[in-house]
>>> print(open('start10.csv').read())   # CSV, C-alpha atoms and all ligand atoms
chain,number,residue,atom,x,y,z
I,1,MET,CA,3.6,68.2,8.8
I,2,GLY,CA,3.5,64.9,7.2
I,3,PHE,CA,1.7,61.7,8.3
I,4,PRO,CA,3.2,60.1,11.4
I,5,THR,CA,5.2,57.0,10.4
I,6,ILE,CA,3.0,53.9,10.6
I,7,ARG,CA,4.9,51.4,12.7
I,8,PRO,CA,3.9,47.7,12.5
I,9,ARG,CA,7.1,46.9,14.3
I,10,ARG,CA,5.6,48.2,17.5
I,11,LEU,CA,3.8,44.8,17.8
I,12,ARG,CA,7.0,42.9,17.4
I,13,ALA,CA,8.8,44.4,20.4
I,14,SER,CA,8.6,41.5,22.8
I,15,PRO,CA,7.9,37.8,22.8
I,16,GLU,CA,4.7,38.5,24.7
I,17,LEU,CA,3.4,41.0,22.2
I,18,ARG,CA,4.4,38.7,19.3
I,19,ALA,CA,2.4,35.9,21.0
I,20,LEU,CA,-0.6,38.2,21.4
I,21,VAL,CA,-0.8,39.0,17.7
I,22,ARG,CA,0.3,35.6,16.4
I,23,GLU,CA,-2.2,34.3,13.8
I,24,THR,CA,-1.2,30.7,13.4
I,25,HIS,CA,-0.7,28.2,16.1
I,26,LEU,CA,0.8,24.7,16.1
I,27,SER,CA,0.1,21.9,18.6
I,28,PRO,CA,0.9,18.2,18.6
I,29,GLY,CA,-2.8,17.5,18.1
I,30,ASP,CA,-2.4,18.9,14.6
I,31,PHE,CA,0.0,16.2,13.5
I,32,VAL,CA,-0.6,12.8,12.0
I,33,TYR,CA,2.5,10.6,12.3
I,34,PRO,CA,3.1,8.3,9.3
I,35,MET,CA,4.5,4.8,10.2
I,36,PHE,CA,5.8,1.9,8.1
I,37,PHE,CA,5.2,-1.6,9.4
I,38,ASN,CA,7.2,-4.4,7.8
I,39,ALA,CA,5.8,-7.9,8.3
I,40,ALA,CA,9.3,-9.4,7.6
I,41,LEU,CA,11.2,-7.6,10.4
I,42,ASP,CA,12.0,-8.6,14.0
I,43,ALA,CA,13.7,-5.3,14.8
I,44,PRO,CA,13.4,-1.7,13.5
I,45,ARG,CA,15.3,-1.0,10.2
I,46,PRO,CA,16.4,2.6,9.5
I,47,ILE,CA,15.3,4.1,6.2
I,48,ARG,CA,18.5,5.4,4.6
I,49,THR,CA,16.8,8.4,2.9
I,50,MET,CA,14.7,9.4,6.0
I,51,PRO,CA,17.0,10.1,9.0
I,52,GLY,CA,15.2,9.2,12.2
I,53,ILE,CA,12.4,7.1,10.5
I,54,ASP,CA,12.5,3.3,10.7
I,55,GLN,CA,10.5,0.5,9.1
I,56,LEU,CA,9.0,-1.1,12.2
I,57,PRO,CA,8.4,-4.7,13.2
I,58,LEU,CA,4.8,-5.5,14.2
I,59,SER,CA,6.1,-6.4,17.7
I,60,ALA,CA,6.8,-2.6,18.2
I,61,ALA,CA,3.2,-1.5,17.5
I,62,ARG,CA,2.0,-1.4,21.1
I,63,GLU,CA,5.0,0.4,22.6
I,64,GLN,CA,5.0,2.9,19.6
I,65,ALA,CA,1.4,3.8,20.2
I,66,LYS,CA,2.1,4.6,23.8
I,67,ALA,CA,5.2,6.6,23.0
I,68,ILE,CA,3.3,8.7,20.4
I,69,LYS,CA,0.4,9.3,22.8
I,70,ALA,CA,2.9,10.4,25.5
I,71,ARG,CA,4.1,13.1,23.1
I,72,GLY,CA,0.6,14.5,22.8
I,73,ILE,CA,0.2,13.3,19.2
I,74,GLY,CA,-3.4,12.0,18.7
I,75,SER,CA,-3.2,10.4,15.2
I,76,VAL,CA,-1.1,8.1,13.1
I,77,ILE,CA,-1.3,6.8,9.5
I,78,LEU,CA,-0.1,3.3,8.8
I,79,PHE,CA,1.6,1.9,5.7
I,80,GLY,CA,2.4,-1.8,5.3
I,81,LEU,CA,5.2,-3.8,3.8
I,82,PRO,CA,3.9,-7.3,3.2
I,83,LYS,CA,5.8,-10.5,3.0
I,84,THR,CA,4.6,-11.3,-0.5
I,85,LYS,CA,3.6,-9.3,-3.6
I,86,ASP,CA,1.8,-10.2,-6.8
I,87,ASP,CA,0.4,-8.3,-9.8
I,88,ARG,CA,-3.0,-7.9,-8.2
I,89,GLY,CA,-1.9,-6.8,-4.7
I,90,SER,CA,-3.5,-9.8,-3.0
I,91,SER,CA,-1.5,-9.4,0.2
I,92,GLY,CA,-3.4,-6.2,0.8
I,93,LEU,CA,-6.5,-8.3,1.4
I,94,ASP,CA,-4.8,-10.5,4.0
I,95,PRO,CA,-6.4,-10.0,7.4
I,96,SER,CA,-3.1,-11.0,9.0
I,97,GLY,CA,-1.1,-8.6,6.9
I,98,PRO,CA,1.0,-5.8,8.4
I,99,VAL,CA,-1.6,-3.0,8.4
I,100,PRO,CA,-4.6,-4.9,10.0
I,101,VAL,CA,-2.3,-6.4,12.6
I,102,ALA,CA,-0.7,-3.0,13.4
I,103,ILE,CA,-4.1,-1.3,13.6
I,104,ALA,CA,-5.4,-3.9,16.1
I,105,GLU,CA,-2.3,-3.7,18.2
I,106,MET,CA,-2.2,0.0,18.4
I,107,LYS,CA,-5.9,0.4,19.1
I,108,SER,CA,-5.8,-2.2,21.8
I,109,ALA,CA,-2.7,-0.5,23.4
I,110,VAL,CA,-4.1,3.1,23.1
I,111,PRO,CA,-7.8,3.0,22.3
I,112,GLU,CA,-8.2,6.8,21.9
I,113,LEU,CA,-5.4,7.1,19.3
I,114,VAL,CA,-6.9,8.0,16.0
I,115,VAL,CA,-5.6,5.2,13.7
I,116,MET,CA,-5.7,6.0,10.0
I,117,ALA,CA,-4.7,3.4,7.3
I,118,ASP,CA,-3.4,4.3,3.9
I,119,VAL,CA,-5.4,2.4,1.2
I,120,CYS,CA,-3.5,1.8,-2.0
I,121,VAL,CA,-2.4,-1.3,-3.9
I,122,ASP,CA,1.2,0.0,-4.6
I,123,GLU,CA,2.4,-1.4,-1.3
I,124,TYR,CA,1.2,-4.9,-2.3
I,125,THR,CA,1.8,-5.1,-6.1
I,126,ASP,CA,5.0,-6.5,-7.5
I,127,HIS,CA,5.0,-3.9,-10.3
I,128,GLY,CA,4.6,-1.0,-7.7
I,129,HIS,CA,1.7,0.8,-9.5
I,130,CYS,CA,-1.3,2.1,-7.5
I,131,GLY,CA,-3.7,0.0,-9.6
I,132,ILE,CA,-4.5,-3.3,-11.2
I,133,LEU,CA,-2.9,-3.3,-14.7
I,134,LYS,CA,-4.4,-4.5,-17.9
I,135,LYS,CA,-3.0,-5.0,-21.3
I,136,ARG,CA,-3.7,-2.1,-23.7
I,137,ALA,CA,-4.7,-3.3,-27.1
I,138,GLY,CA,-2.2,-2.5,-29.7
I,139,GLY,CA,0.2,-0.8,-27.3
I,140,SER,CA,3.9,-0.8,-28.1
I,141,ARG,CA,6.3,-2.6,-25.8
I,142,ALA,CA,7.0,0.3,-23.5
I,143,ASP,CA,3.3,1.3,-23.4
I,144,ASP,CA,1.4,-1.9,-23.5
I,145,TRP,CA,-0.3,-1.6,-20.1
I,146,GLU,CA,-2.8,0.7,-18.4
I,147,VAL,CA,-4.3,1.0,-15.0
I,148,ASP,CA,-7.8,-0.6,-14.9
I,149,ASN,CA,-9.7,2.1,-12.9
I,150,ASP,CA,-12.8,0.1,-12.1
I,151,ALA,CA,-11.1,-3.1,-11.2
I,152,THR,CA,-8.8,-1.2,-8.9
I,153,ILE,CA,-11.6,0.7,-7.0
I,154,ALA,CA,-13.3,-2.6,-6.3
I,155,VAL,CA,-10.1,-3.9,-4.6
I,156,LEU,CA,-9.5,-0.6,-2.8
I,157,ALA,CA,-13.1,-0.8,-1.3
I,158,GLU,CA,-12.4,-4.3,-0.1
I,159,ILE,CA,-9.1,-3.2,1.5
I,160,GLY,CA,-10.9,-0.3,3.1
I,161,VAL,CA,-13.4,-2.7,4.7
I,162,LEU,CA,-10.6,-5.0,5.9
I,163,PHE,CA,-8.9,-2.1,7.6
I,164,ALA,CA,-12.2,-0.9,9.2
I,165,LYS,CA,-12.8,-4.4,10.5
I,166,ALA,CA,-9.3,-4.4,12.1
I,167,GLY,CA,-10.3,-1.2,13.9
I,168,ALA,CA,-9.1,1.7,11.8
I,169,ASP,CA,-10.9,5.0,12.6
I,170,VAL,CA,-10.1,6.5,9.2
I,171,VAL,CA,-9.3,4.9,5.9
I,172,ALA,CA,-7.3,7.0,3.5
I,173,PRO,CA,-7.3,6.1,-0.2
I,174,SER,CA,-4.1,7.4,-1.8
I,175,ASP,CA,-4.3,5.9,-5.3
I,176,MET,CA,-6.0,8.7,-7.3
I,177,MET,CA,-8.4,6.4,-9.2
I,178,ASP,CA,-11.7,8.0,-10.2
I,179,GLY,CA,-14.8,7.0,-8.1
I,180,ARG,CA,-12.8,5.3,-5.3
I,181,VAL,CA,-14.4,7.4,-2.5
I,182,ALA,CA,-17.9,6.5,-3.5
I,183,ALA,CA,-17.0,2.9,-3.9
I,184,MET,CA,-15.3,2.8,-0.5
I,185,ARG,CA,-18.2,4.6,1.2
I,186,THR,CA,-20.7,2.2,-0.3
I,187,ALA,CA,-18.7,-0.8,0.7
I,188,LEU,CA,-18.1,0.5,4.3
I,189,ASP,CA,-21.8,1.3,4.8
I,190,ALA,CA,-22.9,-2.1,3.4
I,191,GLU,CA,-20.6,-3.9,5.8
I,192,GLY,CA,-21.7,-2.0,8.9
I,193,PHE,CA,-18.9,0.6,9.1
I,194,ALA,CA,-21.0,3.7,8.8
I,195,ASN,CA,-18.8,5.3,11.5
I,196,THR,CA,-15.5,4.8,9.7
I,197,SER,CA,-14.3,8.0,8.2
I,198,ILE,CA,-12.7,8.5,4.8
I,199,LEU,CA,-9.8,10.9,4.4
I,200,SER,CA,-9.3,11.3,0.7
I,201,TYR,CA,-5.9,12.0,-0.8
I,202,ALA,CA,-8.1,14.2,-3.0
I,203,VAL,CA,-5.4,16.3,-4.6
I,204,LYS,CA,-2.3,14.3,-5.1
I,205,TYR,CA,0.3,15.4,-7.6
I,206,ALA,CA,2.8,13.3,-9.5
I,207,SER,CA,5.8,14.5,-7.5
I,208,ALA,CA,9.5,14.0,-7.3
I,209,PHE,CA,9.2,14.6,-3.6
I,210,TYR,CA,7.9,11.0,-3.0
I,211,GLY,CA,11.4,9.6,-3.7
I,212,PRO,CA,12.4,8.6,-0.2
I,213,PHE,CA,8.9,7.1,0.5
I,214,ARG,CA,9.3,4.7,-2.3
I,215,GLU,CA,12.3,3.2,-0.4
I,216,ALA,CA,10.5,3.4,2.9
I,217,ALA,CA,7.5,1.5,1.6
I,218,ASP,CA,9.3,-0.4,-1.1
I,219,CYS,CA,6.9,0.6,-3.8
I,220,ALA,CA,8.8,2.3,-6.6
I,221,PRO,CA,7.0,1.5,-9.9
I,222,LYS,CA,9.1,-1.1,-11.8
I,223,PHE,CA,8.3,0.5,-15.1
I,224,GLY,CA,6.5,3.6,-16.3
I,225,ASP,CA,5.4,6.4,-13.9
I,226,ARG,CA,2.4,7.6,-12.0
I,227,ALA,CA,1.5,10.5,-14.3
I,228,GLY,CA,-1.5,8.6,-15.7
I,229,TYR,CA,-3.3,8.8,-12.4
I,230,GLN,CA,-1.6,11.4,-10.2
I,231,MET,CA,-2.0,15.1,-11.0
I,232,ASP,CA,0.2,17.3,-13.2
I,233,PRO,CA,2.1,19.8,-10.9
I,234,ALA,CA,1.2,22.5,-13.4
I,235,ASN,CA,-2.6,22.3,-12.6
I,236,ALA,CA,-4.5,24.3,-10.0
I,237,ARG,CA,-8.1,24.4,-11.3
I,238,GLU,CA,-8.0,20.6,-11.6
I,239,ALA,CA,-7.3,20.5,-7.8
I,240,LEU,CA,-10.7,22.1,-7.1
I,241,ARG,CA,-12.4,19.7,-9.5
I,242,GLU,CA,-10.8,16.7,-7.7
I,243,ALA,CA,-11.6,18.1,-4.3
I,244,ALA,CA,-15.3,18.8,-5.2
I,245,LEU,CA,-15.7,15.3,-6.7
I,246,ASP,CA,-14.4,13.6,-3.5
I,247,GLU,CA,-16.5,15.7,-1.3
I,248,ALA,CA,-19.6,14.9,-3.4
I,249,GLU,CA,-18.7,11.2,-3.2
I,250,GLY,CA,-18.8,11.3,0.5
I,251,ALA,CA,-15.2,12.0,1.7
I,252,ASP,CA,-15.2,13.2,5.4
I,253,MET,CA,-11.8,15.0,5.1
I,254,LEU,CA,-9.7,16.1,2.1
I,255,MET,CA,-5.9,16.2,1.7
I,256,VAL,CA,-3.5,18.0,-0.5
I,257,LYS,CA,-0.1,16.3,-1.2
I,258,PRO,CA,2.7,17.3,-1.3
I,259,ALA,CA,2.5,20.4,0.9
I,260,LEU,CA,5.4,22.8,0.4
I,261,SER,CA,5.3,23.3,-3.4
I,262,TYR,CA,1.5,23.3,-3.2
I,263,LEU,CA,0.7,25.9,-0.5
I,264,ASP,CA,-1.4,27.8,-3.1
I,265,ILE,CA,-3.4,24.7,-3.7
I,266,ILE,CA,-4.0,24.2,0.1
I,267,LYS,CA,-5.2,27.8,0.2
I,268,ASP,CA,-7.5,27.3,-2.8
I,269,VAL,CA,-9.0,24.1,-1.5
I,270,ARG,CA,-9.5,25.6,1.9
I,271,ALA,CA,-11.4,28.5,0.3
I,272,HIS,CA,-13.7,26.2,-1.7
I,273,SER,CA,-14.6,23.3,0.7
I,274,ARG,CA,-16.0,23.2,4.2
I,275,LEU,CA,-14.5,19.8,5.0
I,276,PRO,CA,-11.5,19.5,7.3
I,277,LEU,CA,-8.3,19.7,5.2
I,278,GLY,CA,-5.1,17.9,5.7
I,279,ALA,CA,-1.7,18.4,3.9
I,280,TYR,CA,1.0,15.8,3.6
I,281,ASN,CA,4.5,17.1,4.3
I,282,VAL,CA,6.0,14.3,2.3
I,283,SER,CA,9.2,12.2,2.5
I,284,GLY,CA,11.2,14.4,0.1
I,285,GLU,CA,10.4,17.5,2.0
I,286,TYR,CA,11.5,15.8,5.1
I,287,ALA,CA,14.7,14.5,3.5
I,288,MET,CA,15.7,17.8,2.1
I,289,LEU,CA,15.4,19.6,5.4
I,290,HIS,CA,17.5,17.0,7.1
I,291,ALA,CA,20.1,16.8,4.4
I,292,ALA,CA,20.6,20.6,4.6
I,293,ALA,CA,20.6,20.6,8.4
I,294,ASP,CA,23.0,17.7,8.6
I,295,ARG,CA,25.4,19.7,6.5
I,296,GLY,CA,25.1,22.7,8.7
I,297,MET,CA,23.3,24.8,6.1
I,298,ILE,CA,20.1,25.5,8.0
I,299,ASP,CA,19.0,25.2,11.6
I,300,ARG,CA,17.0,22.0,11.8
I,301,ASP,CA,14.6,23.0,14.6
I,302,ARG,CA,13.7,26.4,13.3
I,303,ALA,CA,13.2,25.0,9.8
I,304,ILE,CA,10.8,22.3,11.1
I,305,MET,CA,8.7,24.8,13.0
I,306,GLU,CA,8.7,27.2,10.0
I,307,VAL,CA,7.7,24.5,7.6
I,308,LEU,CA,4.8,23.3,9.7
I,309,THR,CA,3.6,26.8,10.6
I,310,SER,CA,3.5,27.7,6.8
I,311,ILE,CA,1.4,24.6,6.0
I,312,ARG,CA,-1.1,25.5,8.8
I,313,ARG,CA,-1.0,29.2,7.7
I,314,ALA,CA,-1.9,28.2,4.1
I,315,GLY,CA,-5.1,26.6,5.5
I,316,ALA,CA,-4.4,23.0,6.5
I,317,ASP,CA,-6.2,21.9,9.7
I,318,PHE,CA,-3.8,19.0,10.2
I,319,ILE,CA,-0.5,17.9,8.8
I,320,LEU,CA,0.8,14.4,8.0
I,321,THR,CA,4.4,14.7,8.9
I,322,TYR,CA,7.5,12.7,9.7
I,323,HIS,CA,8.6,15.7,11.8
I,324,ALA,CA,5.6,15.0,14.2
I,325,LEU,CA,7.7,13.6,17.1
I,326,ALA,CA,10.5,16.1,16.9
I,327,ALA,CA,8.0,19.0,16.5
I,328,ALA,CA,5.9,17.8,19.5
I,329,GLU,CA,9.1,17.8,21.5
I,330,LEU,CA,10.0,21.3,20.3
I,331,LEU,CA,6.5,22.4,21.3
I,332,GLY,CA,7.2,21.1,24.8
I,333,GLY,CA,5.4,17.8,24.6
B,1,LIG,C1,1.0,5.7,-2.5
B,1,LIG,C2,1.6,6.7,-1.5
B,1,LIG,C3,2.8,7.5,-1.8
B,1,LIG,C4,2.9,8.3,-0.6
B,1,LIG,C5,1.9,8.1,0.2
B,1,LIG,N1,1.0,7.1,-0.4
B,1,LIG,C6,3.8,7.4,-2.8
B,1,LIG,C7,3.4,7.6,-4.2
B,1,LIG,O1,2.3,8.0,-4.6
B,1,LIG,O2,4.3,7.4,-5.0
B,1,LIG,C8,4.1,9.2,-0.5
B,1,LIG,C9,4.3,9.7,0.9
B,1,LIG,C10,5.6,10.4,1.0
B,1,LIG,O3,6.4,10.7,0.1
B,1,LIG,O4,5.9,10.8,2.2
B,1,LIG,N2,0.4,4.7,-1.8
>>> encode(input="start10.csv", output="structure tokens")
Amino acid sequence: MGFPTIRPRRLRASPELRALVRETHLSPGDFVYPMFFNAALDAPRPIRTMPGIDQLPLSAAREQAKAIKARGIGSVILFGLPKTKDDRGSSGLDPSGPVPVAIAEMKSAVPELVVMADVCVDEYTDHGHCGILKKRAGGSRADDWEVDNDATIAVLAEIGVLFAKAGADVVAPSDMMDGRVAAMRTALDAEGFANTSILSYAVKYASAFYGPFREAADCAPKFGDRAGYQMDPANAREALREAALDEAEGADMLMVKPALSYLDIIKDVRAHSRLPLGAYNVSGEYAMLHAAADRGMIDRDRAIMEVLTSIRRAGADFILTYHALAAAELLGG
């Protein structure tokens, strides 16, 4: 007489049993929907690399807020395409720029919508880098510039205050400069915005999966790359260091980005921090899934739910995802 066969499959016998023992749940309230507002548009403009996602005119902000709310999605994150760019990202400081206007419109249409605003200068600089550049003494022609960390965080703090003034509930620095969370918290508090939260893109890798976004937000670097400020995909311990620093500087929530190639990092950060944790299911991850589904290689809807469930299972409390509207619909919203 041997042991009886241990049978985990017993608990997979029916949809009801499977629901009973399911460990991870998704709901539209877990999603943050990223949106691109282009100040130069009168009508939505499809983004070639991101099927189903448009750059939006500011005139669409109010109706979009209502449609998103109607799907049960509680949060959005806004990116801006300004009319003009320069080497210092000055249009990021324009109170009538695309992001402040979109924030105000969306909040007035749906006050309870959590409106987050991405804070970075790459959307506003003509060179497309996430910082203010300075000449590097003695550099060769290809390498004669560097990002001025401290000049950049001063501008980021100002942009954060501008977005808070416009009504943003959450400001989200995505630049990866050192010290930007502390600078932004100090500036927000000094200007009377103690209740505006900071979601830090704490752990952001230099990733190939941002490709489609750079078309969406028109912010591809004109020279060089972002490896001098975004993290090396080979590093995991460094993620914990970045997360701990941003937490110490006063971040209210942390984020890991991208999500799918970094599920181990999500799990690590979750284990080391008590802050709410988000993960960004980025443009390239979205584009890959659609490209495969459009060619009949995978089932779009099942793949979307599997991807989002995996990110939650790894430990993310919420997910920034272009799938938000489709997923909310699949969830019955
Ligand atoms: C930078 C920023 C990027 C994304 C969000 N904020 C691009 C980058 O760092 O190159 C990428 C988002 C995506 O790919 O979906 N402001």
>>> residues_near_ligand(input="start10.csv", ligand="ligand LIG 1 (chain B)", cutoff="9 Å", atoms="only C-alpha atoms and all ligand atoms", output="PyMOL selection string")
chain I and resi 34+79+118-123+128-130+173-176+201+204-214+216-217+219-221+226+230+257-258+280-286+320-322
>>> residues_near_point(input="start10.csv", point="(-2.6, 8.5, 14.8)", cutoff="7 Å", atoms="only C-alpha atoms", output="list in words")
Val32, Tyr33, Gly74, Ser75, Val76, Ile77, Leu113, Val114, Val115 and Met116 of chain I
>>> residues_near_point(input="start10.csv", point="(17.8, 6.4, 7.9)", cutoff="12 Å", atoms="only C-alpha atoms", output="VMD selection string")
chain I and resid 44 to 55 212 to 213 215 to 216 283 286 to 287 290 to 291
>>> residues_around(input="start10.csv", residues="Ser273 of chain I", least_positions_apart="5", cutoff="10 Å", atoms="all atoms listed in the file", output="count of residues only")
7
>>> atom_distance(input="start10.csv", atom1="atom CA of Ala154 of chain I", atom2="atom CA of Arg185 of chain I")
11.5 Å
>>> closest_residue(input="start10.csv", among="I:Ala166, I:Ala39, I:Ala279, I:Ala182", to="Ala248 of chain I", atoms="only C-alpha atoms")
I:Ala182
>>> closest_residue(input="start10.csv", among="I:Ala104, I:Leu308, I:Val155, I:Leu17", to="Ala324 of chain I", atoms="all atoms listed in the file")
I:Leu308
>>> atom_distance(input="start10.csv", atom1="atom CA of Ala234 of chain I", atom2="atom CA of Lys222 of chain I")
24.9 Å
>>> atom_distance(input="start10.csv", atom1="atom CA of Gly29 of chain I", atom2="atom CA of Ala328 of chain I")
8.8 Å
>>> decode(input="start10.csv", residues="segment 16-27 of chain I", atoms="N, CA and C atoms", output="PDB file, in the first residue's frame")
ATOM      1  N   GLU I  16     -16.480  27.289 -10.581  1.00  0.00           N
ATOM      2  CA  GLU I  16     -16.779  27.773  -9.236  1.00  0.00           C
ATOM      3  C   GLU I  16     -15.651  27.423  -8.260  1.00  0.00           C
ATOM      4  N   LEU I  17     -15.158  26.186  -8.368  1.00  0.00           N
ATOM      5  CA  LEU I  17     -14.041  25.790  -7.505  1.00  0.00           C
ATOM      6  C   LEU I  17     -12.796  26.613  -7.814  1.00  0.00           C
ATOM      7  N   ARG I  18     -12.581  26.829  -9.099  1.00  0.00           N
ATOM      8  CA  ARG I  18     -11.400  27.611  -9.479  1.00  0.00           C
ATOM      9  C   ARG I  18     -11.517  29.040  -8.938  1.00  0.00           C
ATOM     10  N   ALA I  19     -12.735  29.579  -8.976  1.00  0.00           N
ATOM     11  CA  ALA I  19     -12.929  30.939  -8.447  1.00  0.00           C
ATOM     12  C   ALA I  19     -12.669  30.965  -6.940  1.00  0.00           C
ATOM     13  N   LEU I  20     -13.074  29.901  -6.271  1.00  0.00           N
ATOM     14  CA  LEU I  20     -12.929  29.831  -4.816  1.00  0.00           C
ATOM     15  C   LEU I  20     -11.465  29.862  -4.387  1.00  0.00           C
ATOM     16  N   VAL I  21     -10.606  29.223  -5.155  1.00  0.00           N
ATOM     17  CA  VAL I  21      -9.204  29.105  -4.737  1.00  0.00           C
ATOM     18  C   VAL I  21      -8.270  30.063  -5.494  1.00  0.00           C
ATOM     19  N   ARG I  22      -8.893  30.958  -6.277  1.00  0.00           N
ATOM     20  CA  ARG I  22      -8.069  31.904  -7.051  1.00  0.00           C
ATOM     21  C   ARG I  22      -7.350  32.868  -6.112  1.00  0.00           C
ATOM     22  N   GLU I  23      -6.064  33.090  -6.369  1.00  0.00           N
ATOM     23  CA  GLU I  23      -5.248  33.897  -5.454  1.00  0.00           C
ATOM     24  C   GLU I  23      -5.159  35.360  -5.866  1.00  0.00           C
ATOM     25  N   THR I  24      -5.334  35.613  -7.148  1.00  0.00           N
ATOM     26  CA  THR I  24      -5.105  36.967  -7.657  1.00  0.00           C
ATOM     27  C   THR I  24      -6.346  37.442  -8.396  1.00  0.00           C
ATOM     28  N   HIS I  25      -6.773  38.644  -8.087  1.00  0.00           N
ATOM     29  CA  HIS I  25      -7.982  39.178  -8.717  1.00  0.00           C
ATOM     30  C   HIS I  25      -7.673  40.505  -9.393  1.00  0.00           C
ATOM     31  N   LEU I  26      -8.358  40.729 -10.497  1.00  0.00           N
ATOM     32  CA  LEU I  26      -8.202  41.984 -11.232  1.00  0.00           C
ATOM     33  C   LEU I  26      -9.519  42.728 -11.178  1.00  0.00           C
ATOM     34  N   SER I  27      -9.431  44.054 -11.070  1.00  0.00           N
ATOM     35  CA  SER I  27     -10.648  44.837 -11.257  1.00  0.00           C
ATOM     36  C   SER I  27     -10.271  46.146 -11.938  1.00  0.00           C
TER      37      SER I  27
END
